[in-house]
$ cat query.txt   # compact mmCIF, C-alpha atoms and all ligand atoms
# COMPACT_ATOMS: atom_id res chain seq x y z
CA MET A 109 151.01 -87.00 82.16
CA LYS A 110 153.26 -84.26 80.82
CA THR A 111 151.84 -80.78 80.34
CA GLU A 112 151.63 -79.67 76.71
CA VAL A 113 153.27 -76.26 76.21
CA ASP A 114 153.39 -73.73 73.40
CA LEU A 115 156.48 -71.84 74.56
CA LEU A 116 159.68 -73.39 75.81
CA ILE A 117 162.82 -71.46 76.64
CA VAL A 118 165.72 -73.77 77.51
CA HIS A 119 169.37 -73.70 78.57
CA ALA A 120 169.40 -70.09 79.78
CA SER A 121 172.91 -69.41 81.02
CA GLN A 122 171.16 -67.58 83.88
CA LEU A 123 167.43 -67.79 84.53
CA VAL A 124 166.49 -64.96 86.89
CA THR A 125 163.20 -66.20 88.34
CA LEU A 126 162.72 -63.83 91.32
CA ALA A 127 160.79 -66.77 92.73
CA GLY A 128 158.56 -66.07 95.73
CA PRO A 129 157.42 -65.64 98.42
CA ASN A 130 156.28 -62.52 96.60
CA GLU A 131 153.09 -61.62 98.48
CA ARG A 132 154.70 -58.43 99.68
CA PRO A 133 157.28 -56.09 98.12
CA ARG A 134 160.81 -56.95 99.11
CA THR A 135 162.86 -55.01 101.63
CA GLY A 136 166.38 -55.11 103.10
CA GLY A 137 168.32 -58.31 102.44
CA ASP A 138 165.47 -59.83 100.39
CA LEU A 139 166.23 -57.25 97.71
CA ASP A 140 169.36 -59.24 96.95
CA THR A 141 167.71 -62.55 96.08
CA LEU A 142 167.29 -63.24 92.37
CA GLY A 143 166.25 -66.89 92.45
CA LEU A 144 168.98 -67.64 89.93
CA VAL A 145 168.98 -70.94 88.02
CA VAL A 146 172.00 -71.87 85.90
CA ASP A 147 171.02 -73.77 82.71
CA GLY A 148 167.44 -72.78 83.44
CA ALA A 149 164.22 -73.23 81.51
CA VAL A 150 160.72 -71.81 81.56
CA ALA A 151 157.65 -73.17 79.77
CA ALA A 152 154.24 -71.63 79.11
CA ALA A 153 150.83 -72.74 77.96
CA GLU A 154 148.17 -70.30 76.79
CA GLY A 155 150.21 -67.37 78.02
CA ALA A 156 150.85 -68.56 81.57
CA ILE A 157 153.96 -70.11 83.14
CA VAL A 158 153.47 -73.84 83.77
CA ALA A 159 157.04 -74.98 84.50
CA VAL A 160 160.21 -73.23 85.60
CA GLY A 161 163.55 -74.49 86.92
CA PRO A 162 166.64 -76.36 85.71
CA THR A 163 166.31 -77.34 82.02
CA ALA A 164 166.46 -81.10 82.73
CA GLN A 165 163.65 -80.81 85.27
CA VAL A 166 161.41 -78.69 83.02
CA LEU A 167 161.94 -81.04 80.05
CA ALA A 168 160.85 -83.92 82.27
CA GLU A 169 157.61 -82.09 83.12
CA VAL A 170 156.44 -80.77 79.76
CA VAL A 171 155.96 -81.80 76.16
CA PRO A 172 156.01 -79.27 73.31
CA SER A 173 152.79 -78.91 71.31
CA ALA A 174 152.93 -79.14 67.49
CA SER A 175 153.15 -75.36 67.23
CA CYS A 176 155.47 -74.85 70.20
CA GLU A 177 158.02 -72.07 69.96
CA THR A 178 161.29 -73.43 71.36
CA ILE A 179 164.07 -70.99 72.13
CA ASP A 180 167.63 -71.90 73.02
CA ALA A 181 168.86 -69.25 75.45
CA SER A 182 172.35 -70.58 76.11
CA THR A 183 174.64 -67.50 76.38
CA HIS A 184 171.60 -65.44 77.44
CA VAL A 185 170.15 -64.11 80.68
CA VAL A 186 166.40 -64.73 80.89
CA LEU A 187 164.29 -62.67 83.30
CA PRO A 188 160.72 -61.41 83.81
CA GLY A 189 159.55 -58.54 81.62
CA PHE A 190 160.29 -55.17 83.21
CA VAL A 191 157.49 -53.28 84.92
CA ASP A 192 157.74 -49.50 84.63
CA PRO A 193 155.63 -48.09 87.50
CA HIS A 194 155.92 -44.35 86.74
CA THR A 195 155.48 -42.69 83.33
CA HIS A 196 153.78 -39.66 81.85
CA LEU A 197 153.29 -41.51 78.60
CA VAL A 198 150.17 -39.86 77.22
CA SER A 199 150.97 -36.43 75.84
CA ALA A 200 151.53 -34.50 72.62
CA GLY A 201 154.13 -31.94 71.58
CA SER A 202 157.84 -32.40 71.42
CA GLY A 203 159.23 -31.18 74.68
CA GLY A 204 159.52 -27.42 75.22
CA GLY A 205 158.33 -27.40 78.83
CA PHE A 206 155.17 -28.09 80.75
CA VAL A 207 152.88 -25.39 79.35
CA ALA A 208 153.82 -26.22 75.76
CA THR A 209 153.08 -29.90 76.41
CA LEU A 210 149.79 -29.01 78.12
CA ARG A 211 148.70 -26.90 75.14
CA ALA A 212 149.69 -29.54 72.60
CA THR A 213 147.95 -32.31 74.56
CA ARG A 214 144.76 -30.29 74.95
CA ALA A 215 144.76 -29.58 71.21
CA ALA A 216 145.33 -33.23 70.24
CA THR A 217 142.56 -35.72 69.44
CA GLU A 218 142.34 -39.18 70.99
CA ASP A 219 143.53 -40.65 67.69
CA GLN A 220 146.56 -38.38 67.57
CA LEU A 221 147.48 -39.14 71.18
CA GLU A 222 147.05 -42.84 70.54
CA ALA A 223 149.37 -42.71 67.52
CA LEU A 224 152.05 -40.96 69.58
CA GLY A 225 151.57 -43.41 72.43
CA ARG A 226 151.91 -46.39 70.08
CA GLU A 227 155.31 -45.17 68.88
CA ARG A 228 156.51 -44.73 72.46
CA LEU A 229 155.18 -48.10 73.56
CA GLN A 230 156.89 -49.89 70.67
CA HIS A 231 160.15 -48.34 71.77
CA LEU A 232 159.53 -49.27 75.36
CA LEU A 233 158.66 -52.86 74.42
CA ALA A 234 161.90 -53.15 72.45
CA HIS A 235 163.66 -52.32 75.71
CA GLY A 236 161.91 -55.08 77.61
CA THR A 237 159.03 -53.28 79.35
CA THR A 238 155.92 -55.47 79.25
CA THR A 239 153.79 -53.60 81.84
CA VAL A 240 153.73 -49.84 82.17
CA GLU A 241 151.88 -47.37 84.34
CA ALA A 242 150.69 -44.25 82.49
CA LYS A 243 149.53 -41.07 84.18
CA SER A 244 147.20 -38.41 82.87
CA GLY A 245 148.08 -34.86 83.87
CA TYR A 246 148.72 -33.01 80.60
CA GLY A 247 145.03 -32.22 80.18
CA LEU A 248 143.95 -30.53 83.44
CA THR A 249 140.36 -30.03 82.32
CA VAL A 250 137.64 -32.62 82.89
CA GLU A 251 137.38 -33.48 79.20
CA ASP A 252 141.13 -33.47 78.53
CA GLU A 253 141.93 -35.66 81.54
CA LEU A 254 139.27 -38.16 80.50
CA LYS A 255 140.65 -38.06 76.96
CA CYS A 256 144.17 -38.96 78.13
CA LEU A 257 142.94 -41.83 80.31
CA ARG A 258 140.81 -43.20 77.46
CA VAL A 259 143.94 -43.16 75.30
CA ALA A 260 145.78 -45.22 77.94
CA HIS A 261 143.01 -47.81 77.73
CA ARG A 262 143.09 -47.84 73.92
CA LEU A 263 146.86 -48.37 73.98
CA SER A 264 146.58 -51.26 76.40
CA ALA A 265 144.02 -52.95 74.18
CA ALA A 266 145.94 -52.32 70.96
CA LEU A 267 149.49 -53.29 71.89
CA GLU A 268 151.46 -56.05 73.57
CA VAL A 269 152.16 -53.93 76.63
CA ASP A 270 149.77 -53.75 79.55
CA VAL A 271 149.07 -50.10 80.32
CA ILE A 272 147.90 -49.35 83.87
CA PRO A 273 146.20 -45.93 84.03
CA THR A 274 146.67 -43.44 86.87
CA PHE A 275 144.58 -40.29 87.24
CA LEU A 276 146.91 -37.33 87.85
CA GLY A 277 144.55 -34.39 87.42
CA ALA A 278 146.49 -32.71 90.23
CA TYR A 279 149.81 -32.72 88.38
CA ALA A 280 150.00 -28.92 88.23
CA VAL A 281 147.80 -25.90 88.76
CA PRO A 282 146.74 -25.01 85.20
CA PRO A 283 147.43 -21.41 84.11
CA GLU A 284 143.73 -20.48 84.19
CA TYR A 285 143.59 -21.26 87.94
CA ALA A 286 146.96 -19.72 88.85
CA GLN A 287 145.26 -17.18 91.14
CA ASP A 288 143.08 -19.75 92.90
CA PRO A 289 144.62 -23.23 93.25
CA ASP A 290 141.95 -24.28 95.80
CA ALA A 291 139.27 -23.76 93.18
CA TYR A 292 141.19 -26.12 90.91
CA VAL A 293 141.46 -28.72 93.71
CA ASN A 294 137.65 -28.53 93.89
CA VAL A 295 137.43 -29.25 90.16
CA VAL A 296 139.73 -32.27 90.62
CA THR A 297 137.80 -33.73 93.55
CA ASN A 298 134.21 -32.76 92.64
CA GLU A 299 134.23 -32.95 88.85
CA MET A 300 137.16 -34.96 87.53
CA LEU A 301 137.26 -37.83 90.04
CA PRO A 302 133.56 -38.72 89.75
CA ALA A 303 133.81 -38.67 85.95
CA VAL A 304 136.96 -40.84 85.99
CA VAL A 305 135.27 -43.38 88.24
CA GLU A 306 132.02 -43.28 86.28
CA GLU A 307 133.91 -44.48 83.19
CA ASP A 308 136.20 -46.76 85.25
CA LEU A 309 139.22 -45.10 83.68
CA ALA A 310 141.92 -45.31 86.38
CA GLU A 311 143.34 -47.61 89.05
CA PHE A 312 145.24 -45.01 91.03
CA CYS A 313 144.93 -41.36 92.02
CA ASP A 314 148.22 -39.45 92.05
CA VAL A 315 149.13 -35.89 93.07
CA MET A 316 152.13 -33.61 92.69
CA CYS A 317 152.94 -32.40 96.20
CA ALA A 318 155.56 -29.68 95.66
CA ALA A 319 156.20 -25.98 95.94
CA GLY A 320 154.53 -24.39 92.92
CA ALA A 321 152.10 -27.29 92.60
CA PHE A 322 149.98 -28.57 95.51
CA THR A 323 150.55 -28.13 99.26
CA PRO A 324 150.51 -31.17 101.56
CA GLU A 325 146.99 -30.14 102.69
CA GLN A 326 145.72 -29.92 99.11
CA ALA A 327 147.48 -33.20 98.24
CA ARG A 328 145.79 -34.93 101.17
CA THR A 329 142.40 -33.60 100.05
CA VAL A 330 142.93 -35.02 96.55
CA LEU A 331 144.22 -38.42 97.74
CA GLU A 332 141.45 -38.86 100.30
CA ALA A 333 138.84 -37.93 97.68
CA GLY A 334 140.38 -40.58 95.43
CA LEU A 335 140.29 -43.15 98.22
CA ASN A 336 136.62 -42.37 98.80
CA VAL A 337 135.80 -43.44 95.27
CA GLY A 338 138.08 -46.50 95.34
CA LEU A 339 141.32 -45.25 93.77
CA ASP A 340 144.52 -46.21 95.60
CA PRO A 341 146.79 -43.23 96.30
CA LYS A 342 150.16 -42.48 94.78
CA ILE A 343 152.14 -39.30 95.41
CA HIS A 344 154.91 -37.29 93.77
CA ALA A 345 156.75 -36.57 97.02
CA ASP A 346 159.69 -34.43 98.12
CA GLU A 347 161.12 -34.03 94.63
CA SER A 348 162.45 -30.49 95.02
CA SER A 349 162.25 -29.95 98.79
CA ASP A 350 161.11 -31.80 101.91
CA LEU A 351 157.40 -31.03 102.30
CA GLY A 352 156.71 -34.15 104.32
CA GLY A 353 155.42 -35.95 101.25
CA ALA A 354 156.88 -39.31 102.31
CA ALA A 355 155.04 -39.19 105.67
CA LEU A 356 151.85 -38.01 103.95
CA GLY A 357 152.05 -40.95 101.54
CA ALA A 358 152.49 -43.34 104.46
CA ASP A 359 149.64 -41.71 106.38
CA VAL A 360 147.10 -42.21 103.58
CA GLU A 361 148.57 -45.71 103.01
CA ALA A 362 149.63 -44.81 99.49
CA ILE A 363 150.70 -47.74 97.37
CA SER A 364 153.78 -45.72 96.44
CA ALA A 365 155.52 -42.42 97.07
CA ASP A 366 157.69 -41.43 94.16
CA HIS A 367 160.91 -39.34 93.76
CA LEU A 368 161.74 -38.86 97.51
CA VAL A 369 164.87 -36.87 96.75
CA TYR A 370 164.62 -34.69 99.87
CA SER A 371 162.66 -37.00 102.18
CA SER A 372 163.72 -37.06 105.84
CA ASP A 373 164.62 -40.18 107.79
CA ASP A 374 161.35 -39.80 109.73
CA GLY A 375 159.36 -39.70 106.52
CA LEU A 376 161.16 -42.77 105.21
CA ARG A 377 160.59 -44.62 108.49
CA SER A 378 156.84 -43.92 108.20
CA MET A 379 156.91 -45.41 104.72
CA ALA A 380 158.71 -48.52 105.95
CA GLU A 381 156.06 -48.97 108.65
CA ALA A 382 153.14 -48.43 106.28
CA GLY A 383 154.70 -50.61 103.55
CA THR A 384 154.51 -47.71 101.09
CA ILE A 385 156.82 -48.41 98.16
CA GLY A 386 159.46 -45.81 97.30
CA VAL A 387 159.56 -45.47 93.51
CA LEU A 388 162.95 -44.07 92.57
CA LEU A 389 163.49 -42.31 89.26
CA PRO A 390 167.19 -41.92 88.46
CA GLY A 391 166.57 -41.14 84.78
CA PRO A 392 167.97 -38.03 83.17
CA VAL A 393 166.05 -35.04 84.45
CA SER A 394 167.19 -32.37 81.99
CA GLY A 395 170.42 -30.80 83.20
CA ARG A 396 170.35 -33.07 86.28
CA SER A 397 171.10 -30.35 88.77
CA VAL A 398 169.07 -32.16 91.44
CA PRO A 399 170.63 -34.68 93.80
CA TYR A 400 169.62 -38.33 93.88
CA ALA A 401 167.24 -40.03 96.29
CA ARG A 402 169.01 -41.72 99.24
CA ALA A 403 168.38 -45.23 98.05
CA ARG A 404 170.89 -46.94 100.37
CA ARG A 405 169.34 -45.23 103.37
CA MET A 406 165.91 -46.44 102.26
CA VAL A 407 167.14 -50.02 101.99
CA ASP A 408 168.69 -49.72 105.47
CA LEU A 409 165.44 -48.36 106.93
CA GLY A 410 163.37 -51.14 105.38
CA VAL A 411 161.55 -49.11 102.74
CA PRO A 412 160.50 -51.32 99.81
CA ILE A 413 162.00 -49.70 96.70
CA ALA A 414 161.09 -49.88 93.02
CA LEU A 415 162.54 -48.23 89.92
CA GLY A 416 160.72 -46.32 87.18
CA SER A 417 161.60 -44.34 84.07
CA ASP A 418 159.56 -41.17 84.79
CA TYR A 419 159.19 -40.98 81.02
CA ASN A 420 157.87 -37.55 80.10
CA PRO A 421 158.60 -35.48 77.02
CA PRO A 422 159.48 -32.12 78.64
CA THR A 423 162.22 -33.23 81.02
CA SER A 424 162.89 -36.93 80.95
CA PRO A 425 162.57 -38.70 77.60
CA GLU A 426 164.03 -41.92 79.00
CA TYR A 427 162.07 -45.11 78.56
CA SER A 428 164.65 -47.88 78.73
CA MET A 429 164.38 -49.88 81.93
CA PRO A 430 167.79 -51.52 81.27
CA THR A 431 169.24 -47.98 81.32
CA VAL A 432 167.29 -47.16 84.49
CA VAL A 433 168.76 -50.28 86.14
CA ALA A 434 172.25 -49.19 85.08
CA LEU A 435 171.67 -45.65 86.42
CA ALA A 436 170.39 -47.09 89.70
CA CYS A 437 173.64 -49.02 90.12
CA ARG A 438 175.83 -46.06 89.21
CA ASP A 439 173.95 -43.13 90.75
CA LEU A 440 171.82 -44.66 93.52
CA GLN A 441 174.54 -47.17 94.52
CA LEU A 442 172.17 -50.11 94.40
CA THR A 443 173.67 -53.53 93.77
CA PRO A 444 172.74 -55.11 90.40
CA GLU A 445 170.57 -57.60 92.29
CA GLU A 446 168.68 -54.86 94.16
CA ALA A 447 168.18 -52.88 90.96
CA ILE A 448 166.79 -55.92 89.10
CA VAL A 449 164.36 -56.71 91.95
CA ALA A 450 163.32 -53.03 92.01
CA ALA A 451 162.62 -53.04 88.25
CA THR A 452 160.59 -56.27 88.23
CA ILE A 453 158.78 -57.75 91.23
CA ASN A 454 158.84 -54.63 93.41
CA ALA A 455 157.79 -52.47 90.46
CA ALA A 456 154.90 -54.88 89.91
CA HIS A 457 153.86 -54.37 93.53
CA ALA A 458 154.00 -50.60 92.99
CA VAL A 459 151.18 -50.93 90.42
CA SER A 460 149.29 -53.70 92.28
CA ALA A 461 150.13 -56.19 89.53
CA ALA A 462 152.43 -58.56 91.43
CA GLU A 463 149.95 -61.43 91.39
CA GLU A 464 150.14 -61.42 87.61
CA VAL A 465 153.63 -60.21 86.61
CA GLY A 466 157.10 -59.32 87.93
CA SER A 467 158.53 -62.79 88.53
CA LEU A 468 158.74 -66.15 86.78
CA ASP A 469 156.45 -67.93 89.21
CA LEU A 470 154.03 -70.71 88.24
CA GLY A 471 150.67 -69.38 87.09
CA LYS A 472 151.89 -65.87 86.32
CA ALA A 473 151.81 -64.34 82.85
CA ALA A 474 154.66 -65.55 80.62
CA ASP A 475 156.12 -62.04 80.25
CA ILE A 476 159.79 -62.72 79.62
CA VAL A 477 162.87 -60.80 78.46
CA ILE A 478 165.95 -62.45 76.96
CA LEU A 479 169.10 -60.37 77.20
CA ASP A 480 172.04 -60.58 74.85
CA LEU A 481 174.37 -61.22 77.80
CA PRO A 482 175.51 -64.48 79.42
CA ASP A 483 175.70 -62.96 82.92
CA TYR A 484 173.55 -60.23 84.52
CA ARG A 485 176.68 -58.83 86.14
CA GLN A 486 177.74 -57.72 82.63
CA TRP A 487 174.78 -55.31 82.50
CA PRO A 488 175.67 -52.42 80.16
CA THR A 489 176.57 -48.97 81.48
CA PRO A 490 173.96 -46.18 81.29
CA SER A 491 175.33 -45.03 77.93
CA GLY A 492 175.56 -48.58 76.58
CA GLY A 493 173.24 -50.03 73.98
CA ASN A 494 170.02 -51.98 74.37
CA PRO A 495 170.83 -55.44 75.79
CA VAL A 496 167.40 -56.88 74.93
CA ALA A 497 167.44 -59.69 72.33
CA MET A 498 163.85 -60.90 72.65
CA VAL A 499 160.63 -60.01 74.44
CA VAL A 500 157.80 -62.43 75.13
CA LYS A 501 154.36 -61.17 76.20
CA ARG A 502 151.87 -63.72 77.51
CA GLY A 503 153.79 -66.54 75.87
CA ARG A 504 154.15 -64.90 72.47
CA VAL A 505 157.36 -63.47 70.95
CA VAL A 506 156.55 -59.79 70.37
CA PHE A 507 160.02 -58.39 69.74
CA GLU A 508 163.31 -59.88 68.66
CA THR A 509 166.65 -58.80 67.25
CA GLU A 510 168.77 -60.86 64.85
CA THR A 511 170.52 -62.42 67.85
CA GLY A 512 167.20 -63.32 69.39
CA ARG A 513 166.02 -64.92 66.14
CA ARG A 514 169.07 -67.19 65.98
CA GLY A 515 168.04 -68.77 69.30
CA ARG A 516 164.81 -70.08 67.80
CA ARG A 517 165.00 -73.75 67.04
CA SER A 518 161.73 -74.22 65.29
CA ASP A 519 160.17 -71.62 63.10
CA ARG A 520 157.83 -74.04 61.47
CA GLY A 521 155.84 -71.61 59.34
CA ARG A 522 158.90 -70.14 57.75
CA ARG A 523 160.54 -73.49 57.22
CA ARG A 524 157.49 -74.90 55.53
CA HIS A 525 157.49 -72.11 52.97
CA ALA A 526 161.24 -72.19 52.38
ZN ZN B 601 156.14 -38.13 87.56
$ encode --input "query.txt" --output "structure tokens"
Amino acid sequence: MKTEVDLLIVHASQLVTLAGPNERPRTGGDLDTLGLVVDGAVAAAEGAIVAVGPTAQVLAEVVPSASCETIDASTHVVLPGFVDPHTHLVSAGSGGGFVATLRATRAATEDQLEALGRERLQHLLAHGTTTVEAKSGYGLTVEDELKCLRVAHRLSAALEVDVIPTFLGAYAVPPEYAQDPDAYVNVVTNEMLPAVVEEDLAEFCDVMCAAGAFTPEQARTVLEAGLNVGLDPKIHADESSDLGGAALGADVEAISADHLVYSSDDGLRSMAEAGTIGVLLPGPVSGRSVPYARARRMVDLGVPIALGSDYNPPTSPEYSMPTVVALACRDLQLTPEEAIVAATINAAHAVSAAEEVGSLDLGKAADIVILDLPDYRQWPTPSGGNPVAMVVKRGRVVFETETGRRGRRSDRGRRRHA
């Protein structure tokens, strides 16, 4: 018997499946494998992928339900929704530096922060991101950190983007503790973490290990305290100098170490051994006076790499993953294939969501992006426009441009009323 489906995308000029094995993040030569199907199709029922492959094969396996949405994607690349594994999404204010953002975020209510977050998420969704990690860290008091994490949960429930919350109470030493950073570390570990866990507000515990923020010793204290209460570690590592953050991340078996601009070969080797994912953030840091992470070296050493936007209002208001992919090709010298893998399946691993999203594998969520390009090798340059024509979240069309709309074969509701 054929499976009845409610979403059917057919005749994709290129279907980028990133088909498994996907149990582990990809490294080395496996970063180059897209699982490309020419004239490809993907079908979904109740939000999950039930058939994927050449169009003729998929059409032989499935039958559209009465309300099935059928989309003709000839002349389009079809790929999994992007996963953005590193953002500072929840904040108020309009730039103006860290302290200004901290003040504005502390002053804002949950409702105000949610309204701002909604705007940002809509924008992000229009650029193909269907799963996004969101860090706290602009509160830096117990109540304000909890407030920001609650907002992340409200956003995830309200919108067609899955928001994965990370507790980053150790993002910076707040001004009121400038003379005694250790006392603030105590607040993070003894007051914030228990409260975060009590309300089940975060999946990960992150820390900024950098000169002017937290030392490697303080960072280890925070990450181990997080581990003790069940939060997997992440670390902002070696962004402005080599403090051994990469090795520290590997040592605490962090799920990811992010930035890695100044990481040593030894640090990167430790990450490769531990399987810690290197999240690279080539987006526009204001002024961009810093060098780029050594992405090619990481690939050579066997570090699994992922890409993120590092969206944050003060320095990096970039939330387009297609732009991040383009920057990774231009500035990190990744191949287009490596950059696509890093922005999808490996990014999903970096937020422990790879069983659910990041590739078009059977049983996974039907989170799908249709690009207004016939060939992924025609990816726009960093300054180019948004290539996204349509976004599907759990089998439902949640964003489309005029071009995307034209691919729809059956829009029964509209036709009935015409
Ligand atoms: Zn960050």
$ atom_distance --input "query.txt" --atom1 "CA of Leu142 in chain A" --atom2 "CA of Ala436 in chain A"
16.7 Å
$ residues_near_ligand --input "query.txt" --ligand "ligand ZN 601 (chain B)" --cutoff "7 Å" --atoms "all atoms listed in the file" --output "list in words"
His194, Thr195, His196, His344 and Asp418 of chain A
$ closest_atom_pairs --input "query.txt" --of "range 324-432 of chain A" --to "range 218-241 of chain A" --cutoff "9 Å" --atoms "only C-alpha atoms" --output "JSON lines"
{"residue": "A:Tyr427", "atom": "CA", "partner": "A:Leu232", "partner_atom": "CA", "distance": 5.8}
{"residue": "A:Ser428", "atom": "CA", "partner": "A:His235", "partner_atom": "CA", "distance": 5.5}
{"residue": "A:Met429", "atom": "CA", "partner": "A:His235", "partner_atom": "CA", "distance": 6.7}
{"residue": "A:Pro430", "atom": "CA", "partner": "A:His235", "partner_atom": "CA", "distance": 7.0}
$ residues_near_point --input "query.txt" --point "(146.6, -42.2, 96.8)" --cutoff "9 Å" --atoms "all atoms listed in the file" --output "list in words"
Phe312, Cys313, Asp314, Val315, Arg328, Val330, Leu331, Glu332, Ala333, Gly334, Leu335, Leu339, Asp340, Pro341, Lys342, Ile343, Gly357, Val360, Glu361, Ala362, Ile363, Ser364 and Ala365 of chain A
$ closest_residue --input "query.txt" --among "A:Gly128, A:Gly353, A:Gly136, A:Pro324" --to "Ala403 in chain A" --atoms "only C-alpha atoms"
A:Gly136
$ atom_distance --input "query.txt" --atom1 "CA of Val499 in chain A" --atom2 "CA of Pro188 in chain A"
9.5 Å
$ atom_distance --input "query.txt" --atom1 "CA of Val186 in chain A" --atom2 "CA of Ile385 in chain A"
25.6 Å
$ closest_residue --input "query.txt" --among "A:Val505, A:Leu167, A:Val411, A:Pro399" --to "Ala382 in chain A" --atoms "all atoms listed in the file"
A:Val411
$ closest_atom_pairs --input "query.txt" --of "range 379-421 of chain A" --to "range 482-493 of chain A" --cutoff "12 Å" --atoms "only C-alpha atoms" --output "CSV"
residue,atom,partner,partner_atom,distance
A:Pro390,CA,A:Pro490,CA,10.7
A:Gly391,CA,A:Pro490,CA,9.6
A:Pro392,CA,A:Pro490,CA,10.3
$ residues_near_point --input "query.txt" --point "(137.3, -32.8, 87.8)" --cutoff "10 Å" --atoms "all atoms listed in the file" --output "number ranges by chain"
A: 248-251, 253-254, 277-278, 292-304
$ residues_around --input "query.txt" --residues "Gly375 in chain A" --least-positions-apart "2" --cutoff "10 Å" --atoms "all atoms listed in the file" --output "PyMOL selection string"
chain A and resi 346+350-359+368+370-373+377-380
